[in-house]
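First comes the structure, then the notes that go with it.
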Amino acid sequence: MTPLEDTAKSIAAELREAGHTAYFAGGCVRDALLGKDPKDYDIATSATPQEVMELFPGSDAIGAHFGVILVRRGGAHFEIATFRNDGSYSDGRRPDSVTFSTPEEDAQRRDFTVNGLFKDPEKDEIIDFVGGQADLAKQTLRAIGDPKARFSEDALRLMRAVRFATVLGFEIEAATWQAICDCNELLKKIAVERIREEFNKIILSPNRAEGVRMLVDSGLIKHFLPEVLDLIGCEQPPQWHPEGDVYTHTMIMLEMLHGTPSLDLCLSVLLHDIGKPATYTYDEEDERIRFNGHDRVGSQMSEEILHRLKYPNDTIEAVSAMVDNHMNFMHVQQMKKSKLKRFMARPNYQDEMELHRVDCASSNGFTENYEFLRQKEEEFDNEPLIPEPLVKGKDLIDMGFKPGPRFKEILEAIQTEQLEGSLTSREQGLAYVRENYEAE
């Protein structure tokens with residue numbers, strides 16, 4: 001038993017001792033049955049919100065209107081919710097009203113059968129009113145009751161369905177899938193921030209490519225990232241991309257990502273060729289397809305897309321920079337040492353290396369530039385890529401130079417010579433300035 005589970009059991013015990021029913025509910029039950037340690041525990045109870053707050057002084061009524069109270073204990077947060085029925089959902093997100101009810105009725109209002117399970121922590125028994133255990137065994141995601149009604153109540157469930165199927169590796173049951181496709185327009189009711197958070201979980205999952213395919217095939221993606229649809233059928237030169245169109249290429253790349261890639265990298269892979277449809281041309285003379293400037297256009301599009309989805313600025317900057325830079329890997333073997341070191345010192349260089357690896361591995365299989373850079377990493381390993389400057393601004397002032405734009409030009413020129421190995425000491429740097437520049 002984990003400390004988190006032990007604390008949750010103690011909270012449930014206090015509710016029982018006060019005369020109330022208390023069950024573990026939802027995701028924690030599902031995850032435990034799948035052999036995973038739950039990250040949090042939700043508790044469903046017959047106690048009213050007021051009774052919960054009286055029993056746990058200092059708790060917060062984060063959703064008292066919906067019967068939800070937040071209890072802090074042992075450095076963790078536990079949501080305690082009263083068994084309830086939901087009224088109508090006029091906003092397609094939250095019930096207009098709730099009435100407190102029984103565990104059986106509470107289970108029926110939940111989204112998917114695998115999330116509608118309860119566990120009695122005292123008896124260590126699963127309480128299943130919706131067939132969730134059978135669906136867990138079959139690895140099936142099924143809406144509780146009428147799937148269209150569930151999605152009409154809360155349209156975010158459309159994204160949650162794809163997220164659960166992706167993360168759990170489950171197949172969406174046929175009627176539930178058809179309802180997702182039929183109801184995709186309801187996603188327009190949901191705030192982009194909520195859609196983005198579900199999308200992040202999808203694209204960070206090892207099963208991310210299948211998740212994106214489900215978003216495309218269901219029609220959901222057109223409501224928040226329609227640019228991906230333009231990749232479908234955008235043909236590429238077969239001599240460089242025998243795998244097929246840009247969409248196929250991108251999906252293969254998502255599948256090939258190693259380990260636990262960062263969100264920045266996953267988004268960069270998805271968007272790295274987003275500029276190709278807009279830059280598609282056919283070169284009659286060379287008889288081949290070209291996408292001139294697709295990296296620059298794609299970078300601008302990525303920035304606009306991520307702003308629209310309200311990603312934080314650091315994510316937007318990192319992703320747009322990686323998209324903008326991904327074609328420069330073809331030139332690394334021709335770069336001067338100074339330029340190469342600056343290239344390798346980029347803040348997202350390792351993510352860019354992984355982007356380049358899967359870009360080539362999913363298409364032409366060209367590995368020479370990747371291997372060249374790995375060799376250079378070993379070669380440069382004994383010293384900082386960008387060492388301390390030999391000459392600083394104060395030195396230029398002491399030499400009679402006035403601060404201004406020229407400072408950057410001079411200092412960058414010295415750094416270039418330093419990276420090339422031509423200048424190795426402060427004295428040599430100062431001599432270089434005296435020989436090549438005159439103070440005002």
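Every chain in the structure tokens has a letter given in the order shown (A, B, ...), and although residue numbers restart at 1 in each chain, ligands are simply numbered from 1 in the order shown.
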Contacts of A:Ser205 at 10 Å or less, counting only C-alpha atoms, minus same-chain residues fewer than 5 places along, as a list of chain:residue names?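 Once the nearby chain positions are removed, what remains is A:Arg163, A:Thr166, A:Val167, A:Leu168, A:Gly169, A:Phe199, A:Asn200, A:Glu210, A:Gly211, A:Thr260, A:Pro261, A:Cys266.
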Can you tell me, as a list in words, what residues are no more than 12 Å from A:Pro242 when counting only C-alpha atoms, ignoring any on the same chain fewer than 2 positions away?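 Within the cut-off, the hits are Glu235, Gln236, Pro237, Pro238, Gln239, Trp240, Gly244, Asp245, Val246, Thr248, His249, Cys360, Ala361, Ser362, Ser363, Asn364 and Gly365 of chain A.
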Quick one: residues within 10 Å of A:Val216, only C-alpha atoms counted, chain neighbours fewer than 6 positions away excluded, as a PyMOL selection string? chain A and resi 181+210+222+225-226+228-229+232
Selected residue of minimal separation from A:Pro121 among A:Asn184, A:Asn85, A:Gln300, A:Thr21, counting only C-alpha atoms: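 Under the stated criterion, the closest residue is A:Thr21.
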Name all residues at most 10 Å from A:Ser218 (count only C-alpha atoms; drop same-chain ones fewer than 5 positions away) and give them as a ChimeraX atom specification. /A:158,162,177-184,212-213
Name all residues at most 8 Å from stretch 79-82 of chain A (count only C-alpha atoms; drop same-chain ones fewer than 2 positions away) and give them as a PyMOL selection string. chain A and resi 41-49+52+66-71+77+84+100
Nearest to A:Phe129: which of A:Glu371, A:Glu255, A:Asp106, A:Glu198 is it, counting only C-alpha atoms? A:Asp106
Backbone-only DSSP, alpha helix (DSSP H) members of stretch 136-366 of chain A, as number ranges by chain: A: 136-138, 147-153, 156-168, 174-182, 192-204, 208-218, 246-256, 263-271, 276-279, 294-308, 313-325, 337-344, 349-361
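For A:Arg110, the non-local neighbours within 9 Å, defined as residues at least 6 positions apart in the same chain or in other chains and counting only C-alpha atoms, are A:Gly26, A:Gly116, A:Ala143, A:Ile144, A:Arg150.
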One decimal place gives the atom CA of A:Leu186-atom CA of A:Gln108 separation as 21.3 Å
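Comparing the minimum interatomic distances between A:Ser10 and each of A:Phe372, A:Phe78, A:Val433, A:Ala25, counting only C-alpha atoms, we find that A:Phe78 sits nearest.
Residues lying within 9 Å of A:Lys188, counting only C-alpha atoms and ignoring same-chain neighbours fewer than 4 positions away, are Ala155, Asn184, Val192, His223 and Phe224 of chain A.
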Go ahead and write the selection's residues with all heavy atoms as a PDB file, in the first residue's frame.
ATOM      1  N   ALA A 155     -19.119  18.224 -23.534  1.00  0.00           N
ATOM      2  CA  ALA A 155     -18.423  17.997 -24.806  1.00  0.00           C
ATOM      3  C   ALA A 155     -16.935  17.736 -24.630  1.00  0.00           C
ATOM      4  O   ALA A 155     -16.290  17.212 -25.542  1.00  0.00           O
ATOM      5  CB  ALA A 155     -18.638  19.188 -25.741  1.00  0.00           C
ATOM      6  N   ASN A 184     -18.861  15.645 -33.050  1.00  0.00           N
ATOM      7  CA  ASN A 184     -17.601  16.401 -32.970  1.00  0.00           C
ATOM      8  C   ASN A 184     -17.821  17.912 -32.955  1.00  0.00           C
ATOM      9  O   ASN A 184     -17.018  18.654 -32.380  1.00  0.00           O
ATOM     10  CB  ASN A 184     -16.625  15.987 -34.076  1.00  0.00           C
ATOM     11  CG  ASN A 184     -17.042  16.471 -35.452  1.00  0.00           C
ATOM     12  OD1 ASN A 184     -16.990  17.652 -35.778  1.00  0.00           O
ATOM     13  ND2 ASN A 184     -17.451  15.525 -36.293  1.00  0.00           N
ATOM     14  N   VAL A 192     -10.600  26.633 -25.268  1.00  0.00           N
ATOM     15  CA  VAL A 192      -9.405  26.088 -25.916  1.00  0.00           C
ATOM     16  C   VAL A 192      -8.388  25.593 -24.898  1.00  0.00           C
ATOM     17  O   VAL A 192      -7.646  24.638 -25.161  1.00  0.00           O
ATOM     18  CB  VAL A 192      -8.786  27.150 -26.864  1.00  0.00           C
ATOM     19  CG1 VAL A 192      -8.166  28.300 -26.077  1.00  0.00           C
ATOM     20  CG2 VAL A 192      -7.752  26.518 -27.780  1.00  0.00           C
ATOM     21  N   HIS A 223     -11.535  21.306 -35.187  1.00  0.00           N
ATOM     22  CA  HIS A 223     -12.055  22.364 -34.339  1.00  0.00           C
ATOM     23  C   HIS A 223     -10.966  23.060 -33.521  1.00  0.00           C
ATOM     24  O   HIS A 223     -11.253  24.067 -32.865  1.00  0.00           O
ATOM     25  CB  HIS A 223     -13.126  21.814 -33.406  1.00  0.00           C
ATOM     26  CG  HIS A 223     -14.278  21.207 -34.143  1.00  0.00           C
ATOM     27  ND1 HIS A 223     -15.083  21.946 -34.988  1.00  0.00           N
ATOM     28  CD2 HIS A 223     -14.741  19.933 -34.185  1.00  0.00           C
ATOM     29  CE1 HIS A 223     -15.997  21.145 -35.516  1.00  0.00           C
ATOM     30  NE2 HIS A 223     -15.804  19.923 -35.055  1.00  0.00           N
ATOM     31  N   PHE A 224      -9.740  22.532 -33.529  1.00  0.00           N
ATOM     32  CA  PHE A 224      -8.681  23.228 -32.795  1.00  0.00           C
ATOM     33  C   PHE A 224      -7.333  23.212 -33.505  1.00  0.00           C
ATOM     34  O   PHE A 224      -6.486  24.061 -33.240  1.00  0.00           O
ATOM     35  CB  PHE A 224      -8.531  22.658 -31.367  1.00  0.00           C
ATOM     36  CG  PHE A 224      -8.041  21.233 -31.294  1.00  0.00           C
ATOM     37  CD1 PHE A 224      -6.701  20.962 -31.078  1.00  0.00           C
ATOM     38  CD2 PHE A 224      -8.924  20.173 -31.426  1.00  0.00           C
ATOM     39  CE1 PHE A 224      -6.243  19.656 -30.996  1.00  0.00           C
ATOM     40  CE2 PHE A 224      -8.485  18.862 -31.352  1.00  0.00           C
ATOM     41  CZ  PHE A 224      -7.136  18.605 -31.138  1.00  0.00           C
TER      42      PHE A 224
END
Interatomic distance between atom CA of A:Thr416 and atom CA of A:Lys337?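 We find that atom CA of A:Thr416 and atom CA of A:Lys337 lie 8.7 Å from each other.
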In Å and to one decimal, atom CA of A:Ile274 is distant from atom CA of A:Ile316 by 14.7 Å
Counting only C-alpha atoms, which of A:Glu379, A:Asp395, A:Glu368, A:Glu171 gets nearest to A:Lys341?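 Checking each candidate against A:Lys341, we get A:Glu379 as the closest.
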Strand (DSSP E or B) per DSSP on the backbone: members of stretch 56-196 of chain A, as number ranges by chain: A: 60-63, 68-73, 76-82, 84-86, 98-100, 112, 118-120, 125-127, 140-141, 143, 171-172
Mind writing the picked residues with N, CA and C atoms as a tab-separated table (two decimals), in the first residue's frame?
chain	number	residue	atom	x	y	z
A	60	ASP	N	-11.93	22.81	1.58
A	60	ASP	CA	-12.38	23.87	0.69
A	60	ASP	C	-13.56	23.39	-0.16
A	61	ALA	N	-14.55	24.25	-0.29
A	61	ALA	CA	-15.71	23.93	-1.13
A	61	ALA	C	-15.41	24.32	-2.57
A	62	ILE	N	-14.55	23.53	-3.25
A	62	ILE	CA	-14.16	23.88	-4.62
A	62	ILE	C	-15.30	23.70	-5.60
A	63	GLY	N	-16.26	22.87	-5.23
A	63	GLY	CA	-17.41	22.64	-6.10
A	63	GLY	C	-18.61	22.24	-5.27
A	68	VAL	N	-18.74	18.80	-4.31
A	68	VAL	CA	-17.33	18.42	-4.26
A	68	VAL	C	-16.58	19.28	-3.23
A	69	ILE	N	-15.90	18.61	-2.33
A	69	ILE	CA	-15.11	19.28	-1.29
A	69	ILE	C	-13.67	18.79	-1.39
A	70	LEU	N	-12.72	19.72	-1.25
A	70	LEU	CA	-11.30	19.37	-1.32
A	70	LEU	C	-10.73	19.28	0.09
A	71	VAL	N	-10.13	18.13	0.40
A	71	VAL	CA	-9.50	17.89	1.71
A	71	VAL	C	-8.00	17.72	1.50
A	72	ARG	N	-7.21	18.44	2.29
A	72	ARG	CA	-5.76	18.33	2.23
A	72	ARG	C	-5.27	17.52	3.41
A	73	ARG	N	-4.44	16.54	3.08
A	73	ARG	CA	-3.88	15.73	4.17
A	73	ARG	C	-2.62	15.04	3.67
A	76	ALA	N	-1.10	15.91	0.30
A	76	ALA	CA	-1.84	15.59	-0.93
A	76	ALA	C	-3.26	16.17	-0.83
A	77	HIS	N	-3.92	16.25	-1.99
A	77	HIS	CA	-5.29	16.75	-2.08
A	77	HIS	C	-6.23	15.60	-2.42
A	78	PHE	N	-7.37	15.56	-1.77
A	78	PHE	CA	-8.36	14.52	-2.02
A	78	PHE	C	-9.71	15.19	-2.27
A	79	GLU	N	-10.34	14.85	-3.40
A	79	GLU	CA	-11.67	15.36	-3.69
A	79	GLU	C	-12.71	14.40	-3.14
A	80	ILE	N	-13.59	14.94	-2.32
A	80	ILE	CA	-14.67	14.15	-1.74
A	80	ILE	C	-15.97	14.65	-2.34
A	81	ALA	N	-16.68	13.79	-3.05
A	81	ALA	CA	-17.90	14.18	-3.77
A	81	ALA	C	-19.09	13.40	-3.26
A	82	THR	N	-20.18	14.10	-3.04
A	82	THR	CA	-21.42	13.45	-2.62
A	82	THR	C	-22.05	12.73	-3.80
A	84	ARG	N	-24.48	11.78	-6.50
A	84	ARG	CA	-25.42	12.75	-7.04
A	84	ARG	C	-26.00	12.32	-8.38
A	85	ASN	N	-27.08	12.99	-8.73
A	85	ASN	CA	-27.64	12.99	-10.08
A	85	ASN	C	-27.38	14.36	-10.66
A	86	ASP	N	-27.09	14.45	-11.96
A	86	ASP	CA	-26.89	15.75	-12.60
A	86	ASP	C	-28.15	16.18	-13.33
A	98	VAL	N	-27.68	19.85	-9.39
A	98	VAL	CA	-27.45	18.46	-8.99
A	98	VAL	C	-28.40	18.12	-7.85
A	99	THR	N	-28.74	16.85	-7.75
A	99	THR	CA	-29.48	16.35	-6.59
A	99	THR	C	-28.71	15.18	-6.02
A	100	PHE	N	-28.60	15.14	-4.73
A	100	PHE	CA	-27.83	14.08	-4.09
A	100	PHE	C	-28.61	12.77	-4.17
A	112	PHE	N	-17.41	7.11	-18.76
A	112	PHE	CA	-17.11	5.83	-19.39
A	112	PHE	C	-17.14	4.72	-18.34
A	118	PHE	N	-16.53	1.82	-8.42
A	118	PHE	CA	-16.26	2.20	-7.04
A	118	PHE	C	-15.51	1.06	-6.35
A	119	LYS	N	-14.84	1.41	-5.27
A	119	LYS	CA	-14.20	0.38	-4.44
A	119	LYS	C	-14.47	0.69	-2.98
A	120	ASP	N	-14.94	-0.31	-2.26
A	120	ASP	CA	-15.11	-0.18	-0.82
A	120	ASP	C	-13.76	-0.47	-0.17
A	125	GLU	N	-13.55	-4.42	-1.84
A	125	GLU	CA	-14.45	-4.96	-2.84
A	125	GLU	C	-14.72	-3.92	-3.93
A	126	ILE	N	-14.79	-4.39	-5.18
A	126	ILE	CA	-15.15	-3.53	-6.30
A	126	ILE	C	-16.67	-3.50	-6.42
A	127	ILE	N	-17.19	-2.31	-6.61
A	127	ILE	CA	-18.64	-2.12	-6.79
A	127	ILE	C	-18.84	-1.61	-8.21
A	140	THR	N	-11.61	-2.07	-23.56
A	140	THR	CA	-12.60	-1.35	-24.37
A	140	THR	C	-13.04	-0.09	-23.63
A	141	LEU	N	-13.11	1.01	-24.36
A	141	LEU	CA	-13.64	2.25	-23.81
A	141	LEU	C	-15.07	2.42	-24.30
A	143	ALA	N	-18.91	4.40	-23.50
A	143	ALA	CA	-19.67	5.40	-22.76
A	143	ALA	C	-20.74	4.71	-21.92
A	171	GLU	N	-9.44	0.14	-27.20
A	171	GLU	CA	-10.23	0.38	-28.41
A	171	GLU	C	-11.55	1.01	-28.01
A	172	ILE	N	-11.97	2.02	-28.75
A	172	ILE	CA	-13.24	2.67	-28.46
A	172	ILE	C	-14.37	1.83	-29.04
